[in-house]
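S.K.: Structure file run-v2.cif, mmCIF, C-alpha atoms, is pasted below:
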```cif
data_target
#
loop_
_atom_site.label_atom_id
_atom_site.label_comp_id
_atom_site.auth_asym_id
_atom_site.auth_seq_id
_atom_site.Cartn_x
_atom_site.Cartn_y
_atom_site.Cartn_z
CA MET X 70 25.40 -1.66 -16.54
CA GLN X 71 28.42 -3.46 -15.06
CA ILE X 72 28.20 -4.37 -11.37
CA HIS X 73 30.99 -5.40 -9.05
CA PHE X 74 29.54 -7.23 -6.06
CA SER X 75 31.69 -9.73 -4.17
CA GLU X 76 30.94 -13.44 -4.15
CA GLN X 77 30.05 -13.13 -0.47
CA GLN X 78 27.50 -10.42 -1.27
CA LEU X 79 25.99 -12.42 -4.13
CA ARG X 80 25.38 -15.36 -1.80
CA GLN X 81 22.78 -13.13 -0.13
CA SER X 82 19.53 -13.24 -2.11
CA VAL X 83 18.91 -9.53 -1.64
CA TYR X 84 22.22 -8.70 -3.36
CA ALA X 85 21.60 -11.33 -6.04
CA ARG X 86 18.26 -9.72 -6.89
CA SER X 87 19.79 -6.25 -6.88
CA ASN X 88 22.60 -7.48 -9.11
CA ASP X 89 20.04 -8.78 -11.60
CA ALA X 90 18.09 -5.52 -11.54
CA LEU X 91 21.18 -3.35 -11.95
CA THR X 92 22.55 -5.54 -14.74
CA ARG X 93 19.27 -5.31 -16.64
CA CYS X 94 19.07 -1.50 -16.48
CA LEU X 95 20.05 0.02 -19.85
CA GLN X 96 19.98 3.62 -18.54
CA CYS X 97 17.68 4.30 -21.51
CA ALA X 98 15.53 6.92 -19.72
CA TYR X 99 12.21 5.48 -20.93
CA CYS X 100 11.09 5.59 -17.30
CA LEU X 101 11.52 9.33 -16.85
CA PRO X 102 8.16 10.55 -18.25
CA ASN X 103 6.24 8.17 -15.98
CA CYS X 104 8.06 9.15 -12.77
CA PRO X 105 6.01 11.56 -10.61
CA THR X 106 8.99 12.96 -8.70
CA TYR X 107 10.90 13.63 -11.92
CA ARG X 108 7.85 15.44 -13.29
CA VAL X 109 7.65 17.58 -10.15
CA LEU X 110 11.36 18.18 -9.47
CA GLY X 111 12.91 17.94 -12.95
CA ASP X 112 16.11 16.38 -11.60
CA GLU X 113 17.30 13.15 -13.24
CA LYS X 114 18.57 11.98 -9.85
CA ASP X 115 14.90 12.00 -8.82
CA SER X 116 14.00 9.55 -11.57
CA PRO X 117 14.34 5.75 -11.64
CA LYS X 118 17.29 6.04 -14.02
CA GLY X 119 19.13 8.40 -11.69
CA ARG X 120 18.27 6.45 -8.55
CA VAL X 121 19.42 3.17 -10.10
CA ALA X 122 22.84 4.74 -10.72
CA LEU X 123 22.97 6.12 -7.18
CA ILE X 124 21.99 2.76 -5.69
CA ARG X 125 24.65 0.96 -7.74
CA ASP X 126 27.35 3.33 -6.55
CA MET X 127 26.17 3.12 -2.94
CA LEU X 128 26.03 -0.67 -2.80
CA GLU X 129 29.31 -1.17 -4.65
CA ARG X 130 31.22 1.35 -2.57
CA GLY X 131 29.77 0.23 0.75
CA GLY X 132 30.23 2.18 3.95
CA VAL X 133 28.25 5.27 4.87
CA PRO X 134 25.98 6.51 2.04
CA GLU X 135 26.33 10.11 0.90
CA ALA X 136 23.64 12.49 2.14
CA ASP X 137 22.73 13.44 -1.44
CA THR X 138 22.13 9.78 -2.32
CA VAL X 139 19.93 9.32 0.73
CA ARG X 140 17.90 12.43 -0.13
CA HIS X 141 17.11 11.28 -3.67
CA ILE X 142 16.18 7.77 -2.56
CA ASP X 143 14.03 9.14 0.26
CA GLN X 144 12.18 11.21 -2.34
CA CYS X 145 11.17 8.10 -4.30
CA LEU X 146 7.48 7.26 -3.85
CA SER X 147 7.90 3.57 -4.69
CA CYS X 148 4.85 4.09 -6.92
CA LEU X 149 6.43 1.67 -9.43
CA ALA X 150 5.08 3.54 -12.46
CA CYS X 151 8.52 3.03 -13.96
CA LEU X 152 7.79 -0.70 -14.26
CA SER X 153 5.16 0.00 -16.90
CA SER X 154 7.64 1.54 -19.34
CA CYS X 155 10.86 -0.38 -18.68
CA PRO X 156 11.89 -2.42 -21.74
CA SER X 157 14.32 -4.51 -19.66
CA PHE X 158 11.89 -5.49 -16.87
CA VAL X 159 14.13 -4.09 -14.14
CA ASN X 160 12.82 -5.14 -10.72
CA TYR X 161 12.96 -1.62 -9.33
CA MET X 162 10.67 -2.49 -6.41
CA ASN X 163 13.09 -4.91 -4.78
CA LEU X 164 16.07 -2.72 -5.70
CA VAL X 165 14.80 0.42 -3.97
CA ASP X 166 13.67 -1.64 -0.97
CA HIS X 167 17.22 -2.99 -0.68
CA ALA X 168 18.59 0.55 -0.91
CA ARG X 169 16.32 1.74 1.89
CA SER X 170 17.30 -1.16 4.09
CA TYR X 171 20.98 -0.42 3.47
CA ILE X 172 20.48 3.27 4.32
CA GLU X 173 18.63 2.39 7.50
CA THR X 174 21.57 0.36 8.82
CA HIS X 175 24.46 2.46 7.47
CA TYR X 176 23.39 6.12 7.45
CA PRO X 177 23.27 8.24 10.64
CA ARG X 178 20.13 10.29 10.10
CA PRO X 179 19.60 13.59 11.96
CA LEU X 180 17.88 13.23 15.33
CA ASP X 181 14.62 14.80 14.11
CA ASP X 182 14.43 12.32 11.24
CA ARG X 183 15.30 9.32 13.43
CA LEU X 184 12.71 10.29 16.03
CA THR X 185 10.00 10.77 13.41
CA ARG X 186 10.66 7.42 11.73
CA TRP X 187 10.79 5.64 15.08
CA ALA X 188 7.46 7.17 16.07
CA LEU X 189 5.79 6.16 12.79
CA ALA X 190 7.11 2.59 13.00
CA SER X 191 6.08 2.31 16.65
CA VAL X 192 2.53 3.60 16.21
CA LEU X 193 1.06 3.10 12.74
CA PRO X 194 1.16 -0.73 12.58
CA TYR X 195 -0.86 -0.98 15.80
CA PRO X 196 -4.51 0.19 15.57
CA ASN X 197 -5.04 0.78 19.29
CA ARG X 198 -1.76 2.65 19.68
CA PHE X 199 -2.73 4.74 16.67
CA ARG X 200 -6.11 5.61 18.19
CA TRP X 201 -4.53 6.65 21.50
CA THR X 202 -1.82 8.63 19.73
CA VAL X 203 -4.38 10.56 17.69
CA ARG X 204 -6.35 11.40 20.84
CA ALA X 205 -3.20 12.59 22.60
CA ALA X 206 -2.07 14.56 19.55
CA ARG X 207 -5.33 16.46 19.48
CA LEU X 208 -4.40 17.88 22.87
CA LEU X 209 -0.99 18.84 21.46
CA GLY X 210 -2.49 20.48 18.39
CA PRO X 211 -1.99 24.07 19.60
CA LEU X 212 1.63 23.22 20.44
CA ALA X 213 2.46 21.68 17.05
CA GLY X 214 4.54 24.71 16.10
CA MET X 215 6.85 24.04 19.06
CA LEU X 216 7.58 20.43 18.07
CA PRO X 217 10.44 19.39 15.76
CA ARG X 218 9.50 20.31 12.17
CA ARG X 219 8.52 16.86 10.93
CA LEU X 220 6.71 15.80 14.09
CA GLY X 221 4.80 19.07 14.04
CA HIS X 222 3.73 18.40 10.47
CA ILE X 223 2.58 14.90 11.39
CA VAL X 224 0.51 16.19 14.32
CA ARG X 225 -1.20 18.64 11.97
CA ARG X 226 -1.90 15.87 9.44
CA LEU X 227 -3.49 13.41 11.87
CA PRO X 228 -7.12 12.60 11.03
CA GLU X 229 -9.98 14.38 12.73
CA ARG X 230 -12.19 11.30 12.69
CA LEU X 231 -11.46 7.74 13.78
CA THR X 232 -13.70 4.71 13.74
CA PRO X 233 -14.10 2.87 17.06
CA ALA X 234 -12.64 -0.57 17.65
CA THR X 235 -15.13 -3.29 16.66
CA GLY X 236 -15.38 -6.94 17.56
CA ASP X 237 -15.66 -7.87 13.87
CA LEU X 238 -11.88 -7.91 13.49
CA GLN X 239 -11.15 -10.21 16.40
CA PRO X 240 -10.07 -13.75 15.41
CA GLN X 241 -13.24 -15.54 14.32
CA VAL X 242 -15.04 -17.17 11.40
CA PHE X 243 -17.88 -15.55 9.47
CA PRO X 244 -20.00 -18.31 7.87
CA ALA X 245 -21.02 -18.23 4.24
CA GLU X 246 -24.66 -17.54 3.43
CA GLY X 247 -25.94 -20.58 1.57
CA PRO X 248 -23.61 -23.23 0.12
CA ARG X 249 -19.95 -22.49 0.78
CA ARG X 250 -17.91 -21.82 -2.36
CA TYR X 251 -14.64 -20.58 -0.87
CA ARG X 252 -12.91 -20.37 2.49
CA VAL X 253 -10.80 -17.22 2.67
CA ALA X 254 -8.72 -15.35 5.23
CA LEU X 255 -9.09 -11.57 5.46
CA LEU X 256 -6.13 -9.35 6.25
CA ALA X 257 -7.73 -6.95 8.71
CA GLY X 258 -4.86 -4.47 8.38
CA CYS X 259 -3.65 -1.88 10.85
CA VAL X 260 -4.20 1.81 10.10
CA GLN X 261 -7.33 1.01 8.09
CA GLN X 262 -8.98 -0.44 11.20
CA ALA X 263 -8.71 2.92 12.91
CA LEU X 264 -9.45 5.15 9.91
CA ASN X 265 -12.30 3.31 8.22
CA SER X 266 -13.54 0.04 9.71
CA GLU X 267 -16.44 0.04 7.26
CA ILE X 268 -14.13 -1.18 4.48
CA ASN X 269 -13.51 -4.47 6.28
CA ALA X 270 -17.16 -4.73 7.29
CA ALA X 271 -18.26 -4.29 3.66
CA THR X 272 -15.68 -6.88 2.55
CA ILE X 273 -16.98 -9.46 5.03
CA ARG X 274 -20.62 -8.80 4.12
CA ILE X 275 -20.22 -9.10 0.36
CA LEU X 276 -18.05 -12.21 0.58
CA CYS X 277 -20.37 -14.02 2.99
CA ARG X 278 -23.38 -13.01 0.89
CA HIS X 279 -21.79 -14.69 -2.13
CA GLY X 280 -20.82 -17.98 -0.58
CA CYS X 281 -17.48 -17.29 1.10
CA GLU X 282 -16.55 -18.33 4.61
CA VAL X 283 -14.36 -15.52 5.93
CA VAL X 284 -11.68 -16.14 8.55
CA VAL X 285 -9.91 -13.52 10.63
CA ALA X 286 -6.91 -15.64 11.61
CA GLN X 287 -5.57 -15.74 15.15
CA GLY X 288 -2.27 -13.83 15.25
CA ALA X 289 -2.49 -12.12 11.85
CA ALA X 290 -1.78 -8.37 12.06
CA CYS X 291 0.07 -5.63 10.15
CA CYS X 292 1.51 -6.91 6.86
CA GLY X 293 4.82 -5.09 7.39
CA ALA X 294 4.50 -2.69 4.45
CA LEU X 295 4.83 0.50 6.50
CA THR X 296 8.15 -0.47 8.06
CA HIS X 297 9.32 -2.23 4.89
CA HIS X 298 9.19 0.99 2.89
CA MET X 299 11.10 2.84 5.60
CA GLY X 300 13.95 0.33 5.35
CA LYS X 301 13.24 -1.16 8.78
CA THR X 302 13.76 -4.67 7.48
CA ASP X 303 13.91 -6.50 10.81
CA ASP X 304 10.52 -5.07 11.79
CA SER X 305 8.90 -5.77 8.44
CA LEU X 306 10.19 -9.33 8.25
CA ALA X 307 9.01 -10.01 11.80
CA ALA X 308 5.51 -8.84 10.80
CA ALA X 309 5.62 -10.94 7.64
CA ARG X 310 6.70 -14.07 9.56
CA ASN X 311 3.92 -13.48 12.04
CA ASN X 312 1.30 -13.44 9.28
CA VAL X 313 2.81 -16.38 7.45
CA ARG X 314 2.60 -18.49 10.61
CA ALA X 315 -0.99 -17.37 11.30
CA TRP X 316 -2.22 -18.13 7.78
CA THR X 317 -0.24 -21.37 7.54
CA ARG X 318 -2.13 -22.68 10.57
CA GLU X 319 -5.35 -22.05 8.62
CA LEU X 320 -3.91 -23.58 5.45
CA ASP X 321 -2.87 -26.72 7.28
CA GLY X 322 -6.09 -26.84 9.27
CA ALA X 323 -9.44 -26.26 7.56
CA GLY X 324 -7.67 -24.95 4.45
CA LEU X 325 -7.81 -21.64 2.57
CA ASP X 326 -8.68 -20.88 -1.03
CA ALA X 327 -7.35 -17.32 -0.82
CA ILE X 328 -5.99 -14.62 1.45
CA VAL X 329 -8.06 -11.55 0.66
CA ILE X 330 -6.59 -8.07 0.96
CA ASN X 331 -8.58 -4.87 0.51
CA THR X 332 -5.68 -2.43 0.89
CA SER X 333 -3.63 -2.56 -2.29
CA GLY X 334 -0.43 -1.32 -0.65
CA CYS X 335 -0.59 -4.29 1.72
CA GLY X 336 -1.40 -6.67 -1.11
CA THR X 337 1.73 -5.77 -3.04
CA VAL X 338 3.90 -6.65 -0.04
CA VAL X 339 2.05 -9.86 0.90
CA LYS X 340 2.39 -11.09 -2.67
CA ASP X 341 6.14 -10.51 -2.28
CA TYR X 342 6.45 -12.53 0.95
CA GLY X 343 8.02 -15.42 -0.97
CA GLN X 344 11.00 -13.27 -1.93
CA MET X 345 11.16 -11.27 1.29
CA LEU X 346 11.41 -14.42 3.38
CA ASP X 347 13.26 -16.68 0.94
CA GLN X 348 16.18 -17.19 3.35
CA SER X 349 14.14 -17.47 6.53
CA ASP X 350 12.82 -20.36 8.56
CA VAL X 351 9.36 -19.91 7.00
CA ALA X 352 10.51 -19.67 3.38
CA ALA X 353 8.36 -22.51 2.06
CA ASP X 354 5.23 -21.36 3.88
CA ALA X 355 5.84 -17.76 2.76
CA GLY X 356 5.75 -18.95 -0.83
CA ARG X 357 2.46 -20.77 -0.19
CA VAL X 358 0.94 -17.66 1.37
CA ALA X 359 2.10 -15.34 -1.41
CA ALA X 360 0.70 -17.70 -4.04
CA ILE X 361 -2.89 -17.41 -2.75
CA ALA X 362 -2.87 -13.70 -1.80
CA ARG X 363 -5.50 -11.85 -3.82
CA ASP X 364 -6.83 -8.32 -3.97
CA ILE X 365 -10.53 -8.13 -3.17
CA SER X 366 -11.27 -7.08 -6.77
CA GLU X 367 -9.65 -10.28 -8.06
CA LEU X 368 -11.82 -12.52 -5.88
CA LEU X 369 -15.03 -10.60 -6.54
CA GLY X 370 -14.36 -11.00 -10.25
CA ASP X 371 -14.60 -14.78 -9.76
CA LEU X 372 -17.95 -14.54 -7.99
CA ASP X 373 -21.26 -14.06 -9.78
CA LEU X 374 -22.28 -10.91 -7.94
CA GLU X 375 -26.04 -10.49 -7.54
CA TYR X 376 -26.96 -6.85 -8.06
CA ARG X 377 -30.07 -5.72 -6.22
CA ILE X 378 -30.20 -2.03 -7.09
CA GLN X 379 -29.29 -0.01 -10.17
CA PRO X 380 -27.12 2.94 -9.12
CA ASP X 381 -27.50 6.25 -10.93
CA MET X 382 -24.03 7.48 -10.07
CA ARG X 383 -20.94 8.81 -11.80
CA VAL X 384 -17.73 7.72 -10.09
CA ALA X 385 -14.18 8.85 -10.85
CA TYR X 386 -11.91 5.83 -10.50
CA HIS X 387 -8.52 6.46 -8.91
CA ALA X 388 -6.14 3.70 -9.96
CA THR X 389 -3.85 3.20 -6.98
CA CYS X 390 -0.17 2.73 -7.83
CA SER X 391 0.19 -0.42 -5.75
CA LEU X 392 -2.73 -2.01 -7.60
CA GLN X 393 -2.01 -0.98 -11.19
CA PHE X 394 1.79 -1.23 -11.05
CA GLY X 395 2.67 -3.26 -7.95
CA GLN X 396 0.10 -5.99 -8.60
CA ARG X 397 -0.60 -5.28 -12.28
CA ILE X 398 -4.36 -5.21 -11.66
CA ARG X 399 -5.72 -2.53 -13.93
CA TYR X 400 -9.09 -3.57 -15.30
CA ALA X 401 -10.76 -5.75 -12.64
CA PRO X 402 -12.05 -2.91 -10.40
CA ARG X 403 -13.28 -0.88 -13.38
CA LYS X 404 -15.02 -3.92 -14.87
CA LEU X 405 -16.76 -4.69 -11.57
CA LEU X 406 -17.99 -1.12 -11.18
CA LYS X 407 -19.25 -0.95 -14.77
CA SER X 408 -20.98 -4.32 -14.45
CA ALA X 409 -22.72 -3.01 -11.33
CA GLY X 410 -24.15 -0.09 -13.30
CA PHE X 411 -21.85 2.75 -12.23
CA THR X 412 -20.70 5.25 -14.83
CA VAL X 413 -16.93 5.02 -14.44
CA LEU X 414 -14.98 8.18 -15.29
CA GLU X 415 -11.28 8.13 -16.10
CA PRO X 416 -9.26 11.17 -14.92
CA ARG X 417 -6.36 12.47 -16.97
CA ASP X 418 -2.90 11.26 -15.96
CA ALA X 419 -4.52 8.26 -14.27
CA HIS X 420 -1.11 6.63 -13.89
CA VAL X 421 0.33 9.45 -11.74
CA CYS X 422 0.61 8.90 -7.97
CA CYS X 423 -1.58 10.86 -5.55
CA GLY X 424 1.41 11.35 -3.24
CA SER X 425 0.22 9.26 -0.29
CA ALA X 426 2.61 6.30 -0.64
CA ALA X 427 2.36 4.85 2.88
CA THR X 428 4.35 7.23 5.15
CA TYR X 429 5.63 9.35 2.24
CA HIS X 430 3.01 12.08 2.72
CA LEU X 431 4.25 12.49 6.29
CA LEU X 432 7.98 12.36 5.53
CA GLN X 433 7.98 14.32 2.23
CA PRO X 434 5.06 16.74 2.65
CA GLU X 435 6.10 19.29 0.01
CA ILE X 436 6.28 16.83 -2.89
CA SER X 437 3.29 14.90 -1.61
CA THR X 438 1.13 18.04 -1.48
CA GLN X 439 1.96 18.98 -5.07
CA LEU X 440 1.00 15.51 -6.29
CA LYS X 441 -2.17 15.52 -4.19
CA GLU X 442 -3.30 18.84 -5.64
CA GLN X 443 -2.67 17.66 -9.20
CA LYS X 444 -4.56 14.41 -8.58
CA VAL X 445 -7.55 16.05 -6.91
CA THR X 446 -7.82 18.62 -9.72
CA ALA X 447 -7.85 15.83 -12.32
CA LEU X 448 -10.48 13.84 -10.40
CA GLU X 449 -12.73 16.84 -9.80
CA GLU X 450 -12.58 17.76 -13.50
CA CYS X 451 -14.61 14.60 -14.14
CA GLN X 452 -17.45 16.11 -12.08
CA PRO X 453 -18.14 12.81 -10.29
CA ASP X 454 -20.72 12.03 -7.63
CA ALA X 455 -18.00 10.10 -5.80
CA ILE X 456 -14.35 9.15 -6.08
CA VAL X 457 -13.55 5.45 -5.71
CA ALA X 458 -10.22 3.79 -4.89
CA GLY X 459 -8.84 0.53 -3.50
CA ASN X 460 -6.34 1.74 -0.90
CA ILE X 461 -6.99 3.51 2.41
CA GLY X 462 -3.89 5.70 2.15
CA CYS X 463 -4.97 7.09 -1.22
CA MET X 464 -8.51 7.59 0.06
CA GLU X 465 -7.30 9.63 3.04
CA GLN X 466 -4.87 11.63 0.89
CA ILE X 467 -7.46 12.55 -1.74
CA GLY X 468 -10.24 13.04 0.81
CA SER X 469 -8.18 15.64 2.67
CA ALA X 470 -8.35 17.98 -0.33
CA THR X 471 -11.84 17.54 -1.80
CA GLN X 472 -15.48 17.75 -0.79
CA VAL X 473 -16.38 14.94 -3.18
CA PRO X 474 -17.11 11.73 -1.22
CA VAL X 475 -14.27 9.19 -1.39
CA VAL X 476 -15.21 5.53 -1.00
CA HIS X 477 -13.62 2.11 -1.42
CA THR X 478 -14.54 -0.03 -4.42
CA VAL X 479 -15.82 -2.79 -2.13
CA GLN X 480 -18.15 -0.38 -0.31
CA LEU X 481 -19.97 0.47 -3.54
CA LEU X 482 -20.18 -3.17 -4.63
CA ASP X 483 -21.44 -4.23 -1.19
CA TRP X 484 -24.14 -1.55 -1.40
CA VAL X 485 -25.50 -2.57 -4.81
CA THR X 486 -25.51 -6.26 -3.85
CA GLY X 487 -27.61 -5.80 -0.73
CA GLY X 488 -25.43 -4.05 1.84
CA PRO X 489 -25.92 -0.60 3.40
CA LYS X 490 -25.23 2.55 1.48
CA PRO X 491 -21.73 3.87 2.26
CA PRO X 492 -22.10 6.57 4.94
CA GLU X 493 -19.82 8.89 2.95
CA LEU X 494 -22.56 9.19 0.29
CA GLY X 495 -25.12 10.62 2.72
CA GLU X 496 -28.84 10.28 2.16
#
```
Can the structure in the file be given as structure tokens, please?
M.R.:
Amino acid sequence: MQIHFSEQQLRQSVYARSNDALTRCLQCAYCLPNCPTYRVLGDEKDSPKGRVALIRDMLERGGVPEADTVRHIDQCLSCLACLSSCPSFVNYMNLVDHARSYIETHYPRPLDDRLTRWALASVLPYPNRFRWTVRAARLLGPLAGMLPRRLGHIVRRLPERLTPATGDLQPQVFPAEGPRRYRVALLAGCVQQALNSEINAATIRILCRHGCEVVVAQGAACCGALTHHMGKTDDSLAAARNNVRAWTRELDGAGLDAIVINTSGCGTVVKDYGQMLDQSDVAADAGRVAAIARDISELLGDLDLEYRIQPDMRVAYHATCSLQFGQRIRYAPRKLLKSAGFTVLEPRDAHVCCGSAATYHLLQPEISTQLKEQKVTALEECQPDAIVAGNIGCMEQIGSATQVPVVHTVQLLDWVTGGPKPPELGE
């Protein structure tokens, strides 16, 4: 594919990366069968191949993007399943992120859309704001039909249950039990703190139990993924810089062996900090941070976990897109669960997205619901005792459509190594 960017554009790293991605694309269509939105909608413009062509035309032409182009890019999940079948190794992740950033600054969205995106960006990255918003929205529940269409949908989709704020996620150090093997920082996250604080608690317990000193760094907060995928680049880069500075203080102080992340969507973005911030004032430190970022399943695989109970449980493993495609971690969680004694069941079409995709399920509810129903059907066909995943967004999406308990991988592993039984599993 021939690209015609100016020399001035190519001096910007974001255009240089897009130029490389666009040049690599052969328009071969190998990606189509793996694309969830193409499978649902049947339109080639809603496939990676089609979107690559639309992005090329948009970036080359400049100016205001066409509404049709914006619609097809908005309908992309950023699940990155296309990366698994691309023979040319096109960096679609950075390309579609660039496209969204360009749309955000050049396309005048309708008022309803602008208001919705502003509200999501202003609330979701902040746990306390999110808690207060959910409480207020419950009062507005009967009036949801009177709100603008998208905001009304969001009010109806807000969770019924929140976990209270806990002191565990304040800046502090949790000492290792016994001899210290590693010193690690934990990304406490944002939405996850409000939706399921037990995931972080289980992470801290199992790491400390196996010789890790766990740091919740002063100043570390939202990773920036939520705003990044909405094209709000200034907001996402500000969040990334904030975390880089917080973790660099720990690196330069007592040192860190790893930055542990138990939400795979966040992990994919943190591991990309080096590229996101390559032309910023923290470029070098961003590279250092990205280099030691690890999903919790990666770190637990390096520890000799001590199993204290033998579970008699069948679990259906949901491979989150951000873990299997974004981070290319496919076997570590399964191996850990099998080693712990769980019977791990593999649903059909395990590579297909559940439709959560950060804010996607709120902004594209029709497509998201179709994907959710397909995913839940496949998981329930396994007849599991529980469904296990490594990303809070996927857990909430799947849990909204099934009576089967949905738990995080680290909750199960914490339980069988001496922690409490996950409350979702009951007695």
S.K.: Name the residues in contact with range 274-290 of chain X at a cut-off of 8 Å, using all atoms listed in the file, excluding same-chain residues fewer than 5 positions from it; report them as a tab-separated table (two decimals) with C-alpha atoms, in the frame of the given file.
M.R.:
```
chain	number	residue	atom	x	y	z
X	238	LEU	CA	-11.88	-7.91	13.49
X	239	GLN	CA	-11.15	-10.21	16.40
X	240	PRO	CA	-10.07	-13.75	15.41
X	241	GLN	CA	-13.24	-15.54	14.32
X	242	VAL	CA	-15.04	-17.17	11.40
X	243	PHE	CA	-17.88	-15.55	9.47
X	244	PRO	CA	-20.00	-18.31	7.87
X	245	ALA	CA	-21.02	-18.23	4.24
X	246	GLU	CA	-24.66	-17.54	3.43
X	247	GLY	CA	-25.94	-20.58	1.57
X	248	PRO	CA	-23.61	-23.23	0.12
X	249	ARG	CA	-19.95	-22.49	0.78
X	250	ARG	CA	-17.91	-21.82	-2.36
X	251	TYR	CA	-14.64	-20.58	-0.87
X	252	ARG	CA	-12.91	-20.37	2.49
X	253	VAL	CA	-10.80	-17.22	2.67
X	254	ALA	CA	-8.72	-15.35	5.23
X	255	LEU	CA	-9.09	-11.57	5.46
X	256	LEU	CA	-6.13	-9.35	6.25
X	257	ALA	CA	-7.73	-6.95	8.71
X	258	GLY	CA	-4.86	-4.47	8.38
X	259	CYS	CA	-3.65	-1.88	10.85
X	308	ALA	CA	5.51	-8.84	10.80
X	311	ASN	CA	3.92	-13.48	12.04
X	312	ASN	CA	1.30	-13.44	9.28
X	315	ALA	CA	-0.99	-17.37	11.30
X	316	TRP	CA	-2.22	-18.13	7.78
X	319	GLU	CA	-5.35	-22.05	8.62
X	369	LEU	CA	-15.03	-10.60	-6.54
X	372	LEU	CA	-17.95	-14.54	-7.99
X	373	ASP	CA	-21.26	-14.06	-9.78
X	374	LEU	CA	-22.28	-10.91	-7.94
X	482	LEU	CA	-20.18	-3.17	-4.63
X	483	ASP	CA	-21.44	-4.23	-1.19
X	486	THR	CA	-25.51	-6.26	-3.85
X	488	GLY	CA	-25.43	-4.05	1.84
```
S.K.: Take the PyMOL selection byres ((chain X and resi 490) around 12), run it mentally on this structure, and tell me the resulting residues as a PDB file with C-alpha atoms, keeping the file's coordinate frame.
M.R.:
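Output saved as selection_35.pdb:
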```pdb
ATOM      1  CA  GLU X 267     -16.440   0.040   7.260  1.00  0.00           C
ATOM      2  CA  ALA X 271     -18.260  -4.290   3.660  1.00  0.00           C
ATOM      3  CA  ILE X 378     -30.200  -2.030  -7.090  1.00  0.00           C
ATOM      4  CA  PRO X 380     -27.120   2.940  -9.120  1.00  0.00           C
ATOM      5  CA  VAL X 476     -15.210   5.530  -1.000  1.00  0.00           C
ATOM      6  CA  HIS X 477     -13.620   2.110  -1.420  1.00  0.00           C
ATOM      7  CA  VAL X 479     -15.820  -2.790  -2.130  1.00  0.00           C
ATOM      8  CA  GLN X 480     -18.150  -0.380  -0.310  1.00  0.00           C
ATOM      9  CA  LEU X 481     -19.970   0.470  -3.540  1.00  0.00           C
ATOM     10  CA  LEU X 482     -20.180  -3.170  -4.630  1.00  0.00           C
ATOM     11  CA  ASP X 483     -21.440  -4.230  -1.190  1.00  0.00           C
ATOM     12  CA  TRP X 484     -24.140  -1.550  -1.400  1.00  0.00           C
ATOM     13  CA  VAL X 485     -25.500  -2.570  -4.810  1.00  0.00           C
ATOM     14  CA  THR X 486     -25.510  -6.260  -3.850  1.00  0.00           C
ATOM     15  CA  GLY X 487     -27.610  -5.800  -0.730  1.00  0.00           C
ATOM     16  CA  GLY X 488     -25.430  -4.050   1.840  1.00  0.00           C
ATOM     17  CA  PRO X 489     -25.920  -0.600   3.400  1.00  0.00           C
ATOM     18  CA  PRO X 491     -21.730   3.870   2.260  1.00  0.00           C
ATOM     19  CA  PRO X 492     -22.100   6.570   4.940  1.00  0.00           C
ATOM     20  CA  GLU X 493     -19.820   8.890   2.950  1.00  0.00           C
ATOM     21  CA  LEU X 494     -22.560   9.190   0.290  1.00  0.00           C
ATOM     22  CA  GLY X 495     -25.120  10.620   2.720  1.00  0.00           C
ATOM     23  CA  GLU X 496     -28.840  10.280   2.160  1.00  0.00           C
TER      24      GLU X 496
END
```
S.K.: Name the residues, using the chain letters and numbers of the file, that sit within 10 Å of (9.8, -12.9, 2.7) when counting all atoms listed in the file, and give them as number ranges by chain.
M.R.: X: 305-307, 309-310, 313, 338-356, 359
S.K.: Emit the selected residues as a PDB file, in the coordinates of the input, including C-alpha atoms.
M.R.:
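Once everything was written out, this is result.pdb:
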```pdb
ATOM      1  CA  SER X 305       8.900  -5.770   8.440  1.00  0.00           C
ATOM      2  CA  LEU X 306      10.190  -9.330   8.250  1.00  0.00           C
ATOM      3  CA  ALA X 307       9.010 -10.010  11.800  1.00  0.00           C
ATOM      4  CA  ALA X 309       5.620 -10.940   7.640  1.00  0.00           C
ATOM      5  CA  ARG X 310       6.700 -14.070   9.560  1.00  0.00           C
ATOM      6  CA  VAL X 313       2.810 -16.380   7.450  1.00  0.00           C
ATOM      7  CA  VAL X 338       3.900  -6.650  -0.040  1.00  0.00           C
ATOM      8  CA  VAL X 339       2.050  -9.860   0.900  1.00  0.00           C
ATOM      9  CA  LYS X 340       2.390 -11.090  -2.670  1.00  0.00           C
ATOM     10  CA  ASP X 341       6.140 -10.510  -2.280  1.00  0.00           C
ATOM     11  CA  TYR X 342       6.450 -12.530   0.950  1.00  0.00           C
ATOM     12  CA  GLY X 343       8.020 -15.420  -0.970  1.00  0.00           C
ATOM     13  CA  GLN X 344      11.000 -13.270  -1.930  1.00  0.00           C
ATOM     14  CA  MET X 345      11.160 -11.270   1.290  1.00  0.00           C
ATOM     15  CA  LEU X 346      11.410 -14.420   3.380  1.00  0.00           C
ATOM     16  CA  ASP X 347      13.260 -16.680   0.940  1.00  0.00           C
ATOM     17  CA  GLN X 348      16.180 -17.190   3.350  1.00  0.00           C
ATOM     18  CA  SER X 349      14.140 -17.470   6.530  1.00  0.00           C
ATOM     19  CA  ASP X 350      12.820 -20.360   8.560  1.00  0.00           C
ATOM     20  CA  VAL X 351       9.360 -19.910   7.000  1.00  0.00           C
ATOM     21  CA  ALA X 352      10.510 -19.670   3.380  1.00  0.00           C
ATOM     22  CA  ALA X 353       8.360 -22.510   2.060  1.00  0.00           C
ATOM     23  CA  ASP X 354       5.230 -21.360   3.880  1.00  0.00           C
ATOM     24  CA  ALA X 355       5.840 -17.760   2.760  1.00  0.00           C
ATOM     25  CA  GLY X 356       5.750 -18.950  -0.830  1.00  0.00           C
ATOM     26  CA  ALA X 359       2.100 -15.340  -1.410  1.00  0.00           C
TER      27      ALA X 359
END
```
